[in-house]
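Notes follow once the structure below has been shown.
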Amino acid sequence: MPTAYFTIITHAPGKIILLGEHAVVYGQPALAVPVSQLRATAMLVPAPQCIIDAPDLRRRYPLSAALPDDPIAAAIRLTWNRYAPAGKAPHFELTLTSTIPIASGLGSGAAMSAAVVRAVAGRLGHVLEPAEVSALVFETEKILHGTPSGIDNTVVAFEQPMWFISGQPPQPVTVSGAFHFLIGDTGQPSPTKITVGDVRRAWQANPARYETLFAEIGACVTQGRAALSIGDHYGLGMLMNLNHSLLQALDVSNNTLDTLTQVARDAGALGAKLSGGGRGGNLIALVEEAAAERVRAAWRAAGVRAIHATTLE
Ligand code: PMV
């Protein structure tokens, strides 16, 4: 019998961490925001067997040949095994594309997995709730990150600004007015697994010092949530700068990120910090509309590879 024709297309956004990365792995809160201009897209069409086509990664292979640590294959299998009738095998070709730079702190891995989870569930007739998508993506994040806090899967699955504490239900964030952010790509890939592992070793060697830093970051996040809720741009900018210096103390920044955050502030940004795992990847700057062009120009002159803008309102 011929297979019924179907095409399923699903998306998931990138994300930035506004405040709180790394400390969030140790139980502190963090604030993260989806970036819908950057997104991963999954497309399913019928095929005699399950094929994964990831042109951005220059890979095309059958699911049966996937390596054990392949997060895309894991997203397919986890979703299929959860929702398919027993004994039924997947027969589709999955094409996965993404405009989110890889290994740069913008949640590309989580977004790709979320798009895949939604597409595979869709093939089985299910439209999943954000919490279901988030839980499945969290399993794939463990493959990529080792010990993820769960913030990336949460914000890409819920697609709204989130207050997140590991192990607790995430809470959508109230925002007063509009906050404009620029996102600058250093062009330096930096796998999160490495910085997260380094912070873990440093914490094990000196728990008192690191727990103090984590708590200070957590306090920044709590104040940042208040600043967002009352529309306090200057307050949020100062907290971003403070959070960046605490991330320097955790040793997850580098010269490029330190220089480019200062370049943004000198050009009029209200605050700037690295975003995500650090030691490369992306940084973010809070800008008033009038200063946005100056910050963009200063970043371009200082060698920033790509600049994106997003507004939180
Ligand atoms: O995926 P990234 O690079 O945005 O990093 C996620 C944030 C970390 O706090 C560094 C890790 C985590 O699991 O929360």
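Every chain in the structure tokens takes a letter, A first, then B, and so on in the order presented; its residues are numbered from 1, and the ligands are numbered from 1 following the presented order.
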
Got a sec to check which residues lie within 9 Å of ligand 1, using only C-alpha atoms and all ligand atoms, and send them as a ChimeraX atom specification? /A:15-17,20-26,30,103-110,141-142,145-152,166,190-193,195-196,275-278,281-282

Would you kindly return, as an MDAnalysis selection string, each protein, DNA or RNA residue with an atom no farther than 9 Å from any atom of Ala264 of chain A, considering only C-alpha atoms and excluding same-chain residues fewer than 2 positions away? chainID A and resid 259:262 266:272 285:287 294:296 298:299

Segment 218-263 of chain A: which residues are alpha helix (DSSP H) by DSSP, as a PyMOL selection string? chain A and resi 218-230+233-249+255-263

C-alpha atoms of the current selection, written as a short mmCIF file (atom, residue, chain, number, x, y, z; two decimals), in the first residue's frame:
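What ended up in part_17.cif:
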data_model
loop_
_atom_site.label_atom_id
_atom_site.label_comp_id
_atom_site.auth_asym_id
_atom_site.auth_seq_id
_atom_site.Cartn_x
_atom_site.Cartn_y
_atom_site.Cartn_z
CA GLY A 218 21.33 34.73 41.93
CA ALA A 219 20.79 38.09 43.67
CA CYS A 220 21.45 39.87 40.33
CA VAL A 221 18.77 37.72 38.70
CA THR A 222 16.21 38.44 41.41
CA GLN A 223 16.83 42.18 41.07
CA GLY A 224 16.77 41.84 37.26
CA ARG A 225 13.30 40.35 37.39
CA ALA A 226 12.14 43.33 39.46
CA ALA A 227 13.80 45.75 37.01
CA LEU A 228 11.96 44.12 34.07
CA SER A 229 8.64 44.27 35.88
CA ILE A 230 8.89 48.02 36.56
CA HIS A 233 16.29 50.04 31.94
CA TYR A 234 19.19 51.59 33.87
CA GLY A 235 18.77 49.11 36.70
CA LEU A 236 18.77 46.15 34.33
CA GLY A 237 21.82 47.50 32.50
CA MET A 238 23.78 47.83 35.76
CA LEU A 239 22.80 44.29 36.74
CA MET A 240 24.00 42.96 33.36
CA ASN A 241 27.37 44.64 33.93
CA LEU A 242 27.58 43.23 37.46
CA ASN A 243 26.62 39.76 36.21
CA HIS A 244 29.38 39.98 33.59
CA SER A 245 31.99 40.75 36.27
CA LEU A 246 30.76 37.80 38.34
CA LEU A 247 31.08 35.58 35.25
CA GLN A 248 34.65 36.88 34.86
CA ALA A 249 35.27 35.79 38.44
CA ASN A 255 39.54 38.83 26.37
CA THR A 256 37.23 39.11 23.37
CA LEU A 257 34.06 39.10 25.49
CA ASP A 258 35.57 41.55 28.00
CA THR A 259 36.65 43.91 25.21
CA LEU A 260 33.36 43.74 23.34
CA THR A 261 31.23 44.29 26.44
CA GLN A 262 33.31 47.43 27.16
CA VAL A 263 33.05 48.57 23.52
#

As a PyMOL selection string, please: all residues of segment 19-263 of chain A that backbone DSSP puts in strand (DSSP E). chain A and resi 19+30-46+51-54+59-62+92-98+162-164+171-172+179-185

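Once Pro55 of chain A and its same-chain neighbours fewer than 5 positions away are set aside, Arg60, Thr95, Leu96 and Thr97 of chain A remain within 9 Å of it when counting only C-alpha atoms.
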
Output C-alpha atoms for every residue in that selection, as a CSV table (one decimal), in the first residue's frame.
chain,number,residue,atom,x,y,z
A,60,ARG,CA,22.8,12.9,5.8
A,95,THR,CA,15.4,17.7,7.2
A,96,LEU,CA,16.7,19.9,9.9
A,97,THR,CA,17.9,23.4,9.2

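Proximity of A:Lys273, A:Arg58, A:Arg77, A:Arg209 to Thr140 of chain A, computed with only C-alpha atoms, is greatest for A:Arg77.
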